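Take a look at the structure below.
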Amino acid sequence: MKMVIQFMLVLFCIISSAIATETAEDIQMEQVESIFYDPPLPVVLIGTIIDDQVNFMTAAWITRLEVDPYLFGVSIQKRHMTHEAIMRNNCFSISIPTTELIPLVDAVGMVSGRDYDKSGVFNVFYGENENSPMVNGSIVSFECEVVNSVSLVELDEDHPSAHTLFICEVKSVWVNENGIIDGALDYETLNPILWTFSPLTYWTLSENQWPCFNADNIELIPEKQ
Ligand SMILES: Cc1cc2nc3c(=O)[nH]c(=O)nc-3n(C[C@H](O)[C@H](O)[C@H](O)COP(=O)(O)O)c2cc1C
């Protein structure tokens with residue numbers, strides 16, 4: 001029995017030292033052709049009104065752009081009904097859904113409001129703007145007003161999926177009251193969704209947490225003399 005334990009210990013030491021000695025320098029990077037190696041992205045719902053009809057589409061190509069004014073950028077295909085609604089009203093909402101909503105989030109990301117009535121899919125609420133329906137029960141919702149837009153590519157036969165980058169200013173923010181602990185959102189209770197293109201999958205956040213802006217980490221970099 002003692003021999004077995006000693007053998008296991010030696011084996012453990014060999015394996016762990018082999019793992020520990022593989023550094024970033026040992027890893028070979030491979031160049032690939034595909035344009036579809038997206039980074040993992042957060043999934044949001046874009047809410048609009050068109051011809052008095054509430055409509056939602058799923059979006060992942062979204063990012064925060066500025067602190068003051070509070071700006072987001074969202075890239076939306078020109079063929080989508082959402083695009084037409086935003087061009088007409090100059091406003092939309094952004095809601096961050098929880099993982100419980102994944103089947104509905106997936107569904108409104110596959111069909112257009114031109115062919116399907118997506119108005120009753122989510123429980124909707126409004127802030128000040130009647131053209132920016134938001135999703136009740138989402139983690140956080142934003143009423144947004146377009147302040148700028150950039151046509152990224154002309155829509156033509158060669159570019160059927162051409163996008164417009166809408167830059168919008170946040171006009172009001174609405175937070176799920178069940179998810180606030182000590183004044184901050186508790187992402188363990190309110191599971192946001194991440195998305196990857198390759199593989200085509202929805203993910204949750206992992207439980208691991210590293211504090212951000214941790215001054216100890218600066219010690220990893222030599223200061224200039
Ligand atoms: C996970 C996911 C992410 C998506 N991200 C975007 C996006 O960032 N921009 C976009 O234009 N379409 C995106 N789509 C596609 C639209 O949601 C989809 O084409 C939708 O049917 C458009 O609806 P509408 O015509 O009612 O506006 C995404 C779809 C899914 C499922």
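The chains in the structure tokens are called A, B, ... from first to last as shown; in each chain the residues are counted from 1, and the ligands are counted from 1 in the order shown.
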Exercise. Ligand 1: which residues are within 9 Å, counting only C-alpha atoms and all ligand atoms, as an MDAnalysis selection string?
Worked result: chainID A and resid 41:46 48 55:62 74:85 105:118 161:164 194:197 200:202
Generate a file of the selected residues that holds N, CA and C atoms, formatted as a short mmCIF file (atom, residue, chain, number, x, y, z; two decimals), in the first residue's frame.
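The resulting selection-v4.cif:
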data_model
loop_
_atom_site.label_atom_id
_atom_site.label_comp_id
_atom_site.auth_asym_id
_atom_site.auth_seq_id
_atom_site.Cartn_x
_atom_site.Cartn_y
_atom_site.Cartn_z
N LEU A 41 -18.76 37.10 -27.05
CA LEU A 41 -19.44 38.40 -26.93
C LEU A 41 -20.69 38.29 -26.06
N PRO A 42 -21.07 39.38 -25.41
CA PRO A 42 -22.32 39.36 -24.64
C PRO A 42 -23.52 39.40 -25.59
N VAL A 43 -24.60 38.76 -25.19
CA VAL A 43 -25.81 38.74 -26.02
C VAL A 43 -26.82 39.73 -25.46
N VAL A 44 -27.40 40.56 -26.35
CA VAL A 44 -28.41 41.53 -25.92
C VAL A 44 -29.64 41.42 -26.81
N LEU A 45 -30.72 42.05 -26.35
CA LEU A 45 -31.93 42.14 -27.16
C LEU A 45 -32.13 43.60 -27.54
N ILE A 46 -32.36 43.85 -28.82
CA ILE A 46 -32.62 45.20 -29.30
C ILE A 46 -34.12 45.34 -29.50
N THR A 48 -37.47 47.57 -30.58
CA THR A 48 -37.91 48.71 -31.40
C THR A 48 -39.43 48.65 -31.59
N ASN A 55 -41.04 44.99 -31.63
CA ASN A 55 -40.17 43.98 -32.26
C ASN A 55 -38.86 43.86 -31.48
N PHE A 56 -38.36 42.63 -31.36
CA PHE A 56 -37.06 42.40 -30.72
C PHE A 56 -36.18 41.57 -31.64
N MET A 57 -34.90 41.91 -31.70
CA MET A 57 -33.91 41.04 -32.35
C MET A 57 -32.73 40.84 -31.41
N THR A 58 -32.04 39.74 -31.60
CA THR A 58 -30.85 39.42 -30.81
C THR A 58 -29.63 40.09 -31.44
N ALA A 59 -28.72 40.59 -30.62
CA ALA A 59 -27.47 41.17 -31.15
C ALA A 59 -26.31 40.82 -30.23
N ALA A 60 -25.16 40.60 -30.86
CA ALA A 60 -23.95 40.34 -30.09
C ALA A 60 -22.83 41.32 -30.47
N TRP A 61 -23.01 41.97 -31.62
CA TRP A 61 -21.98 42.91 -32.03
C TRP A 61 -22.28 44.28 -31.41
N ILE A 62 -21.99 44.37 -30.13
CA ILE A 62 -22.31 45.56 -29.34
C ILE A 62 -21.17 45.85 -28.38
N VAL A 74 -23.72 49.65 -31.70
CA VAL A 74 -24.35 48.38 -32.07
C VAL A 74 -24.34 48.26 -33.59
N SER A 75 -23.87 47.11 -34.09
CA SER A 75 -23.79 46.91 -35.53
C SER A 75 -24.98 46.08 -35.99
N ILE A 76 -25.79 46.65 -36.87
CA ILE A 76 -27.04 45.99 -37.26
C ILE A 76 -27.17 45.89 -38.77
N GLN A 77 -27.53 44.70 -39.22
CA GLN A 77 -27.67 44.45 -40.67
C GLN A 77 -28.75 45.34 -41.27
N LYS A 78 -28.42 45.87 -42.46
CA LYS A 78 -29.34 46.80 -43.11
C LYS A 78 -30.65 46.15 -43.52
N ARG A 79 -30.64 44.83 -43.73
CA ARG A 79 -31.86 44.15 -44.18
C ARG A 79 -32.83 43.88 -43.04
N HIS A 80 -32.37 43.99 -41.79
CA HIS A 80 -33.24 43.65 -40.66
C HIS A 80 -34.36 44.69 -40.49
N MET A 81 -35.51 44.19 -40.01
CA MET A 81 -36.61 45.12 -39.73
C MET A 81 -36.19 46.09 -38.63
N THR A 82 -35.37 45.62 -37.70
CA THR A 82 -34.86 46.48 -36.62
C THR A 82 -34.13 47.70 -37.20
N HIS A 83 -33.37 47.46 -38.27
CA HIS A 83 -32.63 48.56 -38.92
C HIS A 83 -33.61 49.62 -39.41
N GLU A 84 -34.67 49.15 -40.08
CA GLU A 84 -35.68 50.08 -40.61
C GLU A 84 -36.33 50.87 -39.47
N ALA A 85 -36.63 50.18 -38.37
CA ALA A 85 -37.28 50.84 -37.23
C ALA A 85 -36.37 51.90 -36.62
N VAL A 105 -34.45 34.13 -26.81
CA VAL A 105 -33.37 34.97 -27.37
C VAL A 105 -32.91 34.38 -28.70
N ASP A 106 -32.75 33.06 -28.73
CA ASP A 106 -32.32 32.37 -29.95
C ASP A 106 -33.38 32.54 -31.04
N ALA A 107 -34.66 32.39 -30.65
CA ALA A 107 -35.75 32.44 -31.64
C ALA A 107 -35.84 33.81 -32.29
N VAL A 108 -35.81 34.89 -31.49
CA VAL A 108 -35.96 36.23 -32.11
C VAL A 108 -34.70 36.63 -32.89
N GLY A 109 -33.63 35.83 -32.73
CA GLY A 109 -32.41 36.06 -33.51
C GLY A 109 -32.39 35.28 -34.81
N MET A 110 -33.45 34.49 -35.04
CA MET A 110 -33.48 33.69 -36.28
C MET A 110 -34.56 34.12 -37.26
N VAL A 111 -35.60 34.78 -36.77
CA VAL A 111 -36.70 35.15 -37.67
C VAL A 111 -36.91 36.66 -37.63
N SER A 112 -37.38 37.19 -38.76
CA SER A 112 -37.59 38.64 -38.85
C SER A 112 -39.00 39.03 -38.46
N GLY A 113 -39.12 40.23 -37.92
CA GLY A 113 -40.43 40.80 -37.62
C GLY A 113 -41.26 41.01 -38.87
N ARG A 114 -40.62 40.91 -40.03
CA ARG A 114 -41.37 41.03 -41.29
C ARG A 114 -42.22 39.78 -41.53
N ASP A 115 -41.76 38.64 -41.01
CA ASP A 115 -42.46 37.37 -41.25
C ASP A 115 -43.13 36.81 -40.00
N TYR A 116 -42.67 37.23 -38.83
CA TYR A 116 -43.18 36.69 -37.56
C TYR A 116 -43.59 37.83 -36.64
N ASP A 117 -44.63 37.58 -35.83
CA ASP A 117 -45.05 38.56 -34.84
C ASP A 117 -44.27 38.31 -33.54
N LYS A 118 -43.23 39.10 -33.32
CA LYS A 118 -42.39 38.89 -32.13
C LYS A 118 -42.84 39.81 -30.98
N SER A 161 -25.07 41.08 -46.37
CA SER A 161 -25.19 41.23 -44.91
C SER A 161 -24.58 42.54 -44.41
N ALA A 162 -24.55 43.57 -45.27
CA ALA A 162 -23.97 44.87 -44.90
C ALA A 162 -24.61 45.41 -43.61
N HIS A 163 -23.77 46.05 -42.77
CA HIS A 163 -24.22 46.56 -41.47
C HIS A 163 -24.11 48.08 -41.38
N THR A 164 -24.91 48.64 -40.51
CA THR A 164 -24.74 50.03 -40.05
C THR A 164 -24.31 49.97 -38.59
N LEU A 194 -23.18 34.71 -22.83
CA LEU A 194 -22.12 35.00 -23.79
C LEU A 194 -22.36 34.13 -25.02
N TRP A 195 -21.79 34.56 -26.16
CA TRP A 195 -22.03 33.85 -27.42
C TRP A 195 -20.71 33.71 -28.18
N THR A 196 -20.52 32.53 -28.76
CA THR A 196 -19.37 32.35 -29.66
C THR A 196 -19.87 31.90 -31.02
N PHE A 197 -19.17 32.36 -32.06
CA PHE A 197 -19.55 31.96 -33.43
C PHE A 197 -19.00 30.58 -33.74
N LEU A 200 -20.89 27.59 -32.64
CA LEU A 200 -22.12 28.38 -32.47
C LEU A 200 -22.80 27.96 -31.18
N THR A 201 -22.53 28.70 -30.10
CA THR A 201 -22.96 28.26 -28.78
C THR A 201 -23.22 29.44 -27.85
N TYR A 202 -24.14 29.25 -26.93
CA TYR A 202 -24.33 30.20 -25.83
C TYR A 202 -23.59 29.67 -24.60
#
For this session: Enumerate, as a PyMOL selection string, the complete set of residues in stretch 7-139 of chain A that a backbone-based DSSP assignment places in alpha helix (DSSP H).
Result: chain A and resi 7-21+81-89+102-108
Write the residues you've just listed into a file as a tab-separated table (two decimals), in the first residue's frame, and include C-alpha atoms for each of them.
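Okay, out_23.tsv is ready:
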chain	number	residue	atom	x	y	z
A	7	PHE	CA	4.27	5.77	-6.82
A	8	MET	CA	1.13	7.98	-7.07
A	9	LEU	CA	2.99	10.88	-5.44
A	10	VAL	CA	5.92	10.61	-7.88
A	11	LEU	CA	3.47	10.42	-10.82
A	12	PHE	CA	1.61	13.50	-9.56
A	13	CYS	CA	4.89	15.47	-9.26
A	14	ILE	CA	5.97	14.52	-12.81
A	15	ILE	CA	2.61	15.51	-14.33
A	16	SER	CA	2.29	18.80	-12.44
A	17	SER	CA	5.85	19.87	-13.30
A	18	ALA	CA	5.20	19.03	-16.98
A	19	ILE	CA	2.07	21.23	-16.92
A	20	ALA	CA	3.82	24.04	-15.07
A	21	THR	CA	6.77	24.18	-17.47
A	81	MET	CA	-36.61	45.12	-39.73
A	82	THR	CA	-34.86	46.48	-36.62
A	83	HIS	CA	-32.63	48.56	-38.92
A	84	GLU	CA	-35.68	50.08	-40.61
A	85	ALA	CA	-37.28	50.84	-37.23
A	86	ILE	CA	-34.16	52.56	-35.90
A	87	MET	CA	-33.82	54.64	-39.07
A	88	ARG	CA	-37.44	55.78	-38.66
A	89	ASN	CA	-37.50	56.48	-34.90
A	102	ILE	CA	-32.06	31.60	-24.09
A	103	PRO	CA	-34.69	29.73	-26.20
A	104	LEU	CA	-36.59	32.99	-26.83
A	105	VAL	CA	-33.37	34.97	-27.37
A	106	ASP	CA	-32.32	32.37	-29.95
A	107	ALA	CA	-35.75	32.44	-31.64
A	108	VAL	CA	-35.96	36.23	-32.11
Exercise. Which neighbours of A:Val54 fall inside 10 Å, counting only C-alpha atoms, when residues of the same chain fewer than 6 positions from it are skipped, and could you give them as a ChimeraX atom specification?
Worked result: /A:47-48,113,117-122,124,131-134
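With only C-alpha atoms as the atoms that count, the minimum distance from A:Pro97 to the choices A:Asn148, A:Ser198, A:Ser141, A:Ser206 is reached by A:Ser141.
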